[in-house]
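Content type TSV, N, CA and C atoms, from the file work_32.tsv:
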chain	number	residue	atom	x	y	z
E	1	GLN	N	-17.75	-8.07	5.92
E	1	GLN	CA	-16.68	-8.33	4.97
E	1	GLN	C	-15.99	-7.02	4.58
E	2	VAL	N	-14.69	-7.02	4.63
E	2	VAL	CA	-13.92	-5.82	4.27
E	2	VAL	C	-13.73	-5.78	2.77
E	3	GLN	N	-13.90	-4.59	2.21
E	3	GLN	CA	-13.62	-4.38	0.79
E	3	GLN	C	-12.58	-3.28	0.64
E	4	LEU	N	-11.59	-3.54	-0.20
E	4	LEU	CA	-10.55	-2.57	-0.50
E	4	LEU	C	-10.53	-2.37	-2.00
E	5	VAL	N	-10.67	-1.12	-2.43
E	5	VAL	CA	-10.72	-0.83	-3.86
E	5	VAL	C	-9.67	0.22	-4.19
E	6	GLU	N	-8.69	-0.17	-5.02
E	6	GLU	CA	-7.62	0.74	-5.42
E	6	GLU	C	-8.01	1.50	-6.68
E	7	SER	N	-7.41	2.66	-6.82
E	7	SER	CA	-7.55	3.46	-8.04
E	7	SER	C	-6.31	4.32	-8.19
E	8	GLY	N	-6.13	4.86	-9.40
E	8	GLY	CA	-5.05	5.82	-9.62
E	8	GLY	C	-3.84	5.29	-10.36
E	9	GLY	N	-3.84	4.01	-10.71
E	9	GLY	CA	-2.70	3.50	-11.47
E	9	GLY	C	-2.70	4.04	-12.89
E	10	GLY	N	-1.63	3.73	-13.63
E	10	GLY	CA	-1.55	4.18	-15.01
E	10	GLY	C	-0.14	4.11	-15.54
E	11	LEU	N	0.07	4.79	-16.66
E	11	LEU	CA	1.37	4.83	-17.33
E	11	LEU	C	1.99	6.20	-17.12
E	12	VAL	N	3.26	6.22	-16.73
E	12	VAL	CA	3.95	7.48	-16.48
E	12	VAL	C	5.41	7.32	-16.90
E	13	GLN	N	6.03	8.42	-17.29
E	13	GLN	CA	7.44	8.37	-17.65
E	13	GLN	C	8.31	8.38	-16.40
E	14	ALA	N	9.51	7.85	-16.54
E	14	ALA	CA	10.45	7.86	-15.43
E	14	ALA	C	10.66	9.29	-14.92
E	15	GLY	N	10.67	9.43	-13.60
E	15	GLY	CA	10.79	10.74	-12.98
E	15	GLY	C	9.45	11.37	-12.66
E	16	GLY	N	8.39	10.80	-13.18
E	16	GLY	CA	7.06	11.33	-12.95
E	16	GLY	C	6.45	10.87	-11.64
E	17	SER	N	5.17	11.23	-11.44
E	17	SER	CA	4.48	10.93	-10.19
E	17	SER	C	3.12	10.32	-10.48
E	18	LEU	N	2.67	9.52	-9.54
E	18	LEU	CA	1.32	8.98	-9.53
E	18	LEU	C	0.83	8.94	-8.09
E	19	ARG	N	-0.47	9.02	-7.94
E	19	ARG	CA	-1.07	8.90	-6.60
E	19	ARG	C	-2.10	7.78	-6.63
E	20	LEU	N	-1.88	6.78	-5.82
E	20	LEU	CA	-2.82	5.68	-5.69
E	20	LEU	C	-3.72	5.93	-4.49
E	21	SER	N	-4.95	5.49	-4.59
E	21	SER	CA	-5.89	5.63	-3.50
E	21	SER	C	-6.53	4.28	-3.22
E	22	CYS	N	-6.83	4.03	-1.96
E	22	CYS	CA	-7.48	2.78	-1.55
E	22	CYS	C	-8.68	3.15	-0.68
E	23	ALA	N	-9.86	2.80	-1.17
E	23	ALA	CA	-11.09	3.05	-0.42
E	23	ALA	C	-11.45	1.78	0.36
E	24	ALA	N	-11.58	1.93	1.66
E	24	ALA	CA	-11.85	0.79	2.53
E	24	ALA	C	-13.29	0.87	3.05
E	25	SER	N	-13.96	-0.25	3.07
E	25	SER	CA	-15.32	-0.29	3.59
E	25	SER	C	-15.57	-1.61	4.29
E	26	GLY	N	-16.58	-1.64	5.11
E	26	GLY	CA	-16.97	-2.88	5.74
E	26	GLY	C	-16.79	-2.91	7.25
E	27	ARG	N	-15.97	-2.01	7.78
E	27	ARG	CA	-15.80	-1.96	9.23
E	27	ARG	C	-15.07	-0.68	9.61
E	28	THR	N	-14.97	-0.43	10.90
E	28	THR	CA	-14.21	0.71	11.41
E	28	THR	C	-12.73	0.34	11.45
E	29	PHE	N	-11.89	1.19	10.91
E	29	PHE	CA	-10.49	0.84	10.73
E	29	PHE	C	-9.56	1.45	11.77
E	30	SER	N	-10.11	1.95	12.86
E	30	SER	CA	-9.26	2.61	13.85
E	30	SER	C	-8.26	1.66	14.50
E	31	ARG	N	-8.52	0.36	14.48
E	31	ARG	CA	-7.61	-0.61	15.09
E	31	ARG	C	-6.73	-1.32	14.07
E	32	TYR	N	-6.78	-0.90	12.83
E	32	TYR	CA	-6.10	-1.63	11.78
E	32	TYR	C	-4.91	-0.83	11.25
E	33	ALA	N	-3.92	-1.57	10.79
E	33	ALA	CA	-2.87	-0.98	9.98
E	33	ALA	C	-3.17	-1.32	8.52
E	34	MET	N	-2.85	-0.39	7.64
E	34	MET	CA	-3.06	-0.57	6.22
E	34	MET	C	-1.71	-0.61	5.52
E	35	GLY	N	-1.66	-1.30	4.41
E	35	GLY	CA	-0.39	-1.41	3.72
E	35	GLY	C	-0.54	-1.39	2.21
E	36	TRP	N	0.59	-1.24	1.55
E	36	TRP	CA	0.70	-1.34	0.09
E	36	TRP	C	1.79	-2.34	-0.24
E	37	PHE	N	1.47	-3.24	-1.15
E	37	PHE	CA	2.43	-4.19	-1.69
E	37	PHE	C	2.43	-4.04	-3.20
E	38	ARG	N	3.42	-4.62	-3.85
E	38	ARG	CA	3.45	-4.63	-5.30
E	38	ARG	C	4.02	-5.94	-5.80
E	39	GLN	N	3.62	-6.27	-7.02
E	39	GLN	CA	4.10	-7.52	-7.62
E	39	GLN	C	4.40	-7.29	-9.09
E	40	ALA	N	5.65	-7.46	-9.45
E	40	ALA	CA	6.08	-7.36	-10.84
E	40	ALA	C	6.00	-8.74	-11.48
E	41	PRO	N	5.90	-8.80	-12.82
E	41	PRO	CA	5.82	-10.10	-13.50
E	41	PRO	C	6.99	-11.00	-13.14
E	42	GLY	N	6.69	-12.23	-12.76
E	42	GLY	CA	7.73	-13.20	-12.44
E	42	GLY	C	8.37	-13.03	-11.08
E	43	LYS	N	7.86	-12.08	-10.29
E	43	LYS	CA	8.46	-11.83	-8.97
E	43	LYS	C	7.42	-12.03	-7.88
E	44	GLU	N	7.91	-12.20	-6.66
E	44	GLU	CA	7.01	-12.34	-5.53
E	44	GLU	C	6.43	-10.97	-5.14
E	45	ARG	N	5.29	-11.02	-4.48
E	45	ARG	CA	4.69	-9.79	-3.98
E	45	ARG	C	5.57	-9.24	-2.86
E	46	GLU	N	5.86	-7.94	-2.93
E	46	GLU	CA	6.77	-7.35	-1.97
E	46	GLU	C	6.14	-6.15	-1.27
E	47	PHE	N	6.58	-5.94	-0.05
E	47	PHE	CA	6.12	-4.83	0.78
E	47	PHE	C	6.59	-3.50	0.20
E	48	VAL	N	5.70	-2.51	0.26
E	48	VAL	CA	6.04	-1.16	-0.18
E	48	VAL	C	5.95	-0.18	0.99
E	49	ALA	N	4.79	-0.15	1.65
E	49	ALA	CA	4.58	0.81	2.74
E	49	ALA	C	3.46	0.32	3.64
E	50	ALA	N	3.46	0.83	4.88
E	50	ALA	CA	2.38	0.53	5.81
E	50	ALA	C	2.09	1.74	6.67
E	51	LEU	N	0.88	1.80	7.18
E	51	LEU	CA	0.45	2.96	7.98
E	51	LEU	C	-0.46	2.48	9.09
E	52	SER	N	-0.19	2.97	10.30
E	52	SER	CA	-1.07	2.68	11.42
E	52	SER	C	-2.27	3.61	11.35
E	53	TRP	N	-3.48	3.04	11.28
E	53	TRP	CA	-4.67	3.88	11.14
E	53	TRP	C	-4.85	4.78	12.35
E	54	SER	N	-4.52	4.27	13.54
E	54	SER	CA	-4.78	5.04	14.76
E	54	SER	C	-3.74	6.14	14.99
E	55	SER	N	-2.46	5.85	14.73
E	55	SER	CA	-1.41	6.81	15.05
E	55	SER	C	-0.91	7.58	13.84
E	56	GLY	N	-1.14	7.01	12.65
E	56	GLY	CA	-0.61	7.65	11.45
E	56	GLY	C	0.86	7.35	11.18
E	57	ARG	N	1.48	6.56	12.06
E	57	ARG	CA	2.89	6.20	11.85
E	57	ARG	C	3.03	5.38	10.56
E	58	THR	N	4.14	5.60	9.85
E	58	THR	CA	4.35	4.92	8.57
E	58	THR	C	5.67	4.14	8.54
E	59	TRP	N	5.70	3.15	7.69
E	59	TRP	CA	6.89	2.33	7.44
E	59	TRP	C	7.05	2.19	5.92
E	60	TYR	N	8.28	2.14	5.45
E	60	TYR	CA	8.55	2.05	4.03
E	60	TYR	C	9.65	1.04	3.73
E	61	ALA	N	9.53	0.42	2.56
E	61	ALA	CA	10.63	-0.39	2.05
E	61	ALA	C	11.78	0.53	1.68
E	62	ASP	N	13.00	0.04	1.82
E	62	ASP	CA	14.16	0.86	1.52
E	62	ASP	C	14.14	1.35	0.08
E	63	SER	N	13.59	0.56	-0.82
E	63	SER	CA	13.60	0.90	-2.25
E	63	SER	C	12.72	2.09	-2.59
E	64	VAL	N	11.79	2.45	-1.71
E	64	VAL	CA	10.89	3.56	-2.00
E	64	VAL	C	11.02	4.70	-1.00
E	65	LYS	N	11.82	4.51	0.03
E	65	LYS	CA	11.95	5.51	1.09
E	65	LYS	C	12.45	6.82	0.49
E	66	GLY	N	11.79	7.91	0.84
E	66	GLY	CA	12.16	9.22	0.32
E	66	GLY	C	11.46	9.57	-0.97
E	67	ARG	N	10.83	8.60	-1.62
E	67	ARG	CA	10.13	8.86	-2.88
E	67	ARG	C	8.61	8.65	-2.73
E	68	PHE	N	8.20	7.71	-1.92
E	68	PHE	CA	6.79	7.39	-1.72
E	68	PHE	C	6.34	7.89	-0.36
E	69	THR	N	5.07	8.32	-0.29
E	69	THR	CA	4.49	8.75	0.97
E	69	THR	C	3.11	8.13	1.13
E	70	CYS	N	2.88	7.51	2.27
E	70	CYS	CA	1.60	6.88	2.58
E	70	CYS	C	0.86	7.77	3.57
E	71	SER	N	-0.43	8.02	3.30
E	71	SER	CA	-1.21	8.87	4.18
E	71	SER	C	-2.63	8.36	4.26
E	72	ARG	N	-3.41	8.89	5.20
E	72	ARG	CA	-4.78	8.43	5.38
E	72	ARG	C	-5.73	9.61	5.49
E	73	ASP	N	-6.98	9.35	5.14
E	73	ASP	CA	-8.05	10.31	5.34
E	73	ASP	C	-9.11	9.58	6.16
E	74	ASN	N	-9.12	9.86	7.46
E	74	ASN	CA	-10.02	9.14	8.36
E	74	ASN	C	-11.48	9.33	7.99
E	75	ALA	N	-11.83	10.53	7.62
E	75	ALA	CA	-13.23	10.83	7.34
E	75	ALA	C	-13.75	10.04	6.14
E	76	LYS	N	-12.87	9.82	5.17
E	76	LYS	CA	-13.27	9.13	3.95
E	76	LYS	C	-12.90	7.65	3.96
E	77	ASN	N	-12.22	7.19	5.02
E	77	ASN	CA	-11.77	5.79	5.07
E	77	ASN	C	-10.92	5.43	3.86
E	78	THR	N	-10.02	6.30	3.50
E	78	THR	CA	-9.13	6.04	2.37
E	78	THR	C	-7.67	6.15	2.79
E	79	VAL	N	-6.85	5.40	2.09
E	79	VAL	CA	-5.41	5.46	2.26
E	79	VAL	C	-4.80	5.78	0.91
E	80	ALA	N	-3.84	6.66	0.88
E	80	ALA	CA	-3.22	7.06	-0.38
E	80	ALA	C	-1.74	6.70	-0.38
E	81	LEU	N	-1.22	6.49	-1.57
E	81	LEU	CA	0.22	6.28	-1.76
E	81	LEU	C	0.67	7.26	-2.83
E	82	GLN	N	1.35	8.31	-2.42
E	82	GLN	CA	1.91	9.28	-3.35
E	82	GLN	C	3.28	8.79	-3.79
E	83	MET	N	3.44	8.61	-5.09
E	83	MET	CA	4.68	8.06	-5.63
E	83	MET	C	5.35	9.10	-6.50
E	84	ASN	N	6.52	9.56	-6.09
E	84	ASN	CA	7.28	10.55	-6.83
E	84	ASN	C	8.59	9.95	-7.34
E	85	SER	N	9.20	10.63	-8.27
E	85	SER	CA	10.49	10.19	-8.84
E	85	SER	C	10.43	8.72	-9.23
E	86	LEU	N	9.40	8.37	-9.96
E	86	LEU	CA	9.18	6.97	-10.32
E	86	LEU	C	10.27	6.46	-11.25
E	87	LYS	N	10.59	5.18	-11.08
E	87	LYS	CA	11.62	4.52	-11.87
E	87	LYS	C	10.99	3.33	-12.62
E	88	PRO	N	11.60	2.91	-13.70
E	88	PRO	CA	11.06	1.73	-14.42
E	88	PRO	C	10.92	0.51	-13.52
E	89	GLU	N	11.80	0.36	-12.56
E	89	GLU	CA	11.73	-0.79	-11.65
E	89	GLU	C	10.56	-0.70	-10.66
E	90	ASP	N	9.85	0.42	-10.65
E	90	ASP	CA	8.63	0.52	-9.84
E	90	ASP	C	7.42	-0.07	-10.57
E	91	THR	N	7.59	-0.46	-11.82
E	91	THR	CA	6.51	-1.05	-12.59
E	91	THR	C	6.02	-2.34	-11.94
E	92	ALA	N	4.73	-2.40	-11.65
E	92	ALA	CA	4.15	-3.56	-10.96
E	92	ALA	C	2.65	-3.35	-10.81
E	93	VAL	N	1.97	-4.39	-10.37
E	93	VAL	CA	0.60	-4.25	-9.89
E	93	VAL	C	0.68	-3.92	-8.40
E	94	TYR	N	0.04	-2.85	-8.01
E	94	TYR	CA	0.07	-2.39	-6.63
E	94	TYR	C	-1.22	-2.80	-5.92
E	95	TYR	N	-1.05	-3.37	-4.74
E	95	TYR	CA	-2.18	-3.88	-3.96
E	95	TYR	C	-2.30	-3.15	-2.63
E	96	CYS	N	-3.51	-2.77	-2.32
E	96	CYS	CA	-3.83	-2.26	-0.99
E	96	CYS	C	-4.09	-3.46	-0.08
E	97	ALA	N	-3.75	-3.32	1.20
E	97	ALA	CA	-3.89	-4.44	2.12
E	97	ALA	C	-4.26	-3.94	3.51
E	98	THR	N	-4.91	-4.78	4.26
E	98	THR	CA	-5.16	-4.48	5.65
E	98	THR	C	-4.69	-5.65	6.51
E	99	TYR	N	-4.10	-5.33	7.63
E	99	TYR	CA	-3.61	-6.34	8.56
E	99	TYR	C	-4.68	-6.65	9.60
E	100	PRO	N	-4.50	-7.71	10.37
E	100	PRO	CA	-5.49	-8.02	11.42
E	100	PRO	C	-5.60	-6.90	12.44
E	101	PRO	N	-6.72	-6.79	13.16
E	101	PRO	CA	-6.87	-5.73	14.16
E	101	PRO	C	-5.82	-5.84	15.25
E	102	ASP	N	-5.29	-4.67	15.65
E	102	ASP	CA	-4.28	-4.58	16.70
E	102	ASP	C	-3.03	-5.40	16.39
E	103	TYR	N	-2.72	-5.51	15.13
E	103	TYR	CA	-1.56	-6.29	14.70
E	103	TYR	C	-0.27	-5.64	15.17
E	104	SER	N	0.64	-6.43	15.74
E	104	SER	CA	1.89	-5.88	16.27
E	104	SER	C	3.12	-6.56	15.67
E	105	GLY	N	2.93	-7.40	14.67
E	105	GLY	CA	4.06	-8.07	14.04
E	105	GLY	C	4.66	-7.25	12.93
E	106	SER	N	5.48	-7.91	12.11
E	106	SER	CA	6.13	-7.21	11.01
E	106	SER	C	5.13	-6.95	9.88
E	107	PHE	N	5.25	-5.79	9.27
E	107	PHE	CA	4.38	-5.44	8.15
E	107	PHE	C	4.93	-5.93	6.82
E	108	TYR	N	6.13	-6.48	6.84
E	108	TYR	CA	6.85	-6.72	5.61
E	108	TYR	C	6.46	-8.01	4.89
E	109	PHE	N	5.69	-8.85	5.55
E	109	PHE	CA	5.37	-10.15	4.97
E	109	PHE	C	3.95	-10.19	4.44
E	110	ALA	N	3.80	-10.61	3.19
E	110	ALA	CA	2.48	-10.70	2.59
E	110	ALA	C	1.58	-11.69	3.34
E	111	ARG	N	2.18	-12.68	3.97
E	111	ARG	CA	1.38	-13.68	4.69
E	111	ARG	C	0.71	-13.09	5.94
E	112	SER	N	1.14	-11.90	6.34
E	112	SER	CA	0.54	-11.25	7.52
E	112	SER	C	-0.73	-10.49	7.16
E	113	VAL	N	-0.97	-10.30	5.88
E	113	VAL	CA	-2.12	-9.50	5.43
E	113	VAL	C	-3.41	-10.27	5.61
E	114	LEU	N	-4.45	-9.52	6.05
E	114	LEU	CA	-5.75	-10.15	6.26
E	114	LEU	C	-6.65	-10.02	5.02
E	115	TYR	N	-6.67	-8.84	4.41
E	115	TYR	CA	-7.49	-8.61	3.22
E	115	TYR	C	-6.67	-7.89	2.15
E	116	TRP	N	-6.95	-8.20	0.90
E	116	TRP	CA	-6.29	-7.58	-0.24
E	116	TRP	C	-7.30	-6.86	-1.12
E	117	GLY	N	-6.83	-5.79	-1.76
E	117	GLY	CA	-7.59	-5.20	-2.84
E	117	GLY	C	-7.34	-5.96	-4.12
E	118	GLN	N	-7.97	-5.50	-5.20
E	118	GLN	CA	-7.87	-6.21	-6.47
E	118	GLN	C	-6.61	-5.85	-7.24
E	119	GLY	N	-5.96	-4.77	-6.87
E	119	GLY	CA	-4.72	-4.35	-7.52
E	119	GLY	C	-4.95	-3.33	-8.61
E	120	THR	N	-3.95	-2.49	-8.82
E	120	THR	CA	-3.97	-1.50	-9.89
E	120	THR	C	-2.59	-1.46	-10.54
E	121	GLN	N	-2.57	-1.41	-11.87
E	121	GLN	CA	-1.31	-1.48	-12.61
E	121	GLN	C	-0.62	-0.11	-12.65
E	122	VAL	N	0.66	-0.13	-12.33
E	122	VAL	CA	1.52	1.06	-12.48
E	122	VAL	C	2.63	0.68	-13.45
E	123	THR	N	2.76	1.45	-14.52
E	123	THR	CA	3.80	1.21	-15.51
E	123	THR	C	4.63	2.47	-15.67
E	124	VAL	N	5.94	2.34	-15.49
E	124	VAL	CA	6.85	3.46	-15.61
E	124	VAL	C	7.76	3.21	-16.80
E	125	SER	N	7.67	4.08	-17.79
E	125	SER	CA	8.48	3.91	-19.00
E	125	SER	C	9.80	4.67	-18.87
E	126	SER	N	10.82	4.13	-19.52
E	126	SER	CA	12.15	4.76	-19.42
E	126	SER	C	12.36	5.79	-20.51
Mind turning the file's structure into structure tokens?
Amino acid sequence: QVQLVESGGGLVQAGGSLRLSCAASGRTFSRYAMGWFRQAPGKEREFVAALSWSSGRTWYADSVKGRFTCSRDNAKNTVALQMNSLKPEDTAVYYCATYPPDYSGSFYFARSVLYWGQGTQVTVSS
């Protein structure tokens, strides 16, 4: 069974930064892509970023491109999301996710995710 545990959420002022971390356990992740989604109150869960564990290639939603960076630490089996220049509209619960092994479809759909973390709250005040 795969376990994903997020940490690093909190309250920050607009323009500030936060770093989220996702610790993955339960299997070898060399064949998996990892992702981050977020869900604001009353809204659907939306794609934020994805990373290929094997190649390190990354994908980002247009709304966070240039501000957020997704990276991995193979030795620690962790994925991080560095969030800079935060805006109030970034306020949401952020979820770590893993896709099926050798997944080659779109990363943008929540229905493509195989496992979810429990989520961590990010609040950006204006």
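Every protein or nucleic acid residue with an atom no more than 8 Å from segment 30-47 of chain E, counting only N, CA and C atoms and leaving out same-chain residues fewer than 4 positions away, appears here: Leu51, Ser52, Trp53, Ser54, Ser55, Tyr60, Ala61, Asp62, Val79, Leu81, Asp90, Thr91, Ala92, Val93, Tyr94, Tyr95, Cys96, Ala97, Thr98, Tyr99, Pro100, Pro101, Asp102, Tyr103, Phe107, Tyr108, Phe109 and Ala110 of chain E.
Nearest to Ala49 of chain E of all the residues E:Ala75, E:Leu18, E:Met83, E:Leu4 is E:Met83, based on only C-alpha atoms.
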Inset, instruction - From the DSSP assignment of the backbone, select every residue of segment 11-106 of chain E that is strand (DSSP E), and format the answer as a ChimeraX atom specification. - result: /E:11-13,18-25,33-39,46-52,58-60,68-73,78-83,92-98
Legend entry - Gap from atom CA of Ala14 of chain E to atom CA of Ser126 of chain E - Å, one decimal: 5.3 Å
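Our summary of the geometry notes that atom CA of Gly105 of chain E is positioned 22.6 Å from atom CA of Thr78 of chain E.
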Legend entry - Separation of atom N of Asn84 of chain E from atom CA of Ser17 of chain E in Å: 4.8 Å
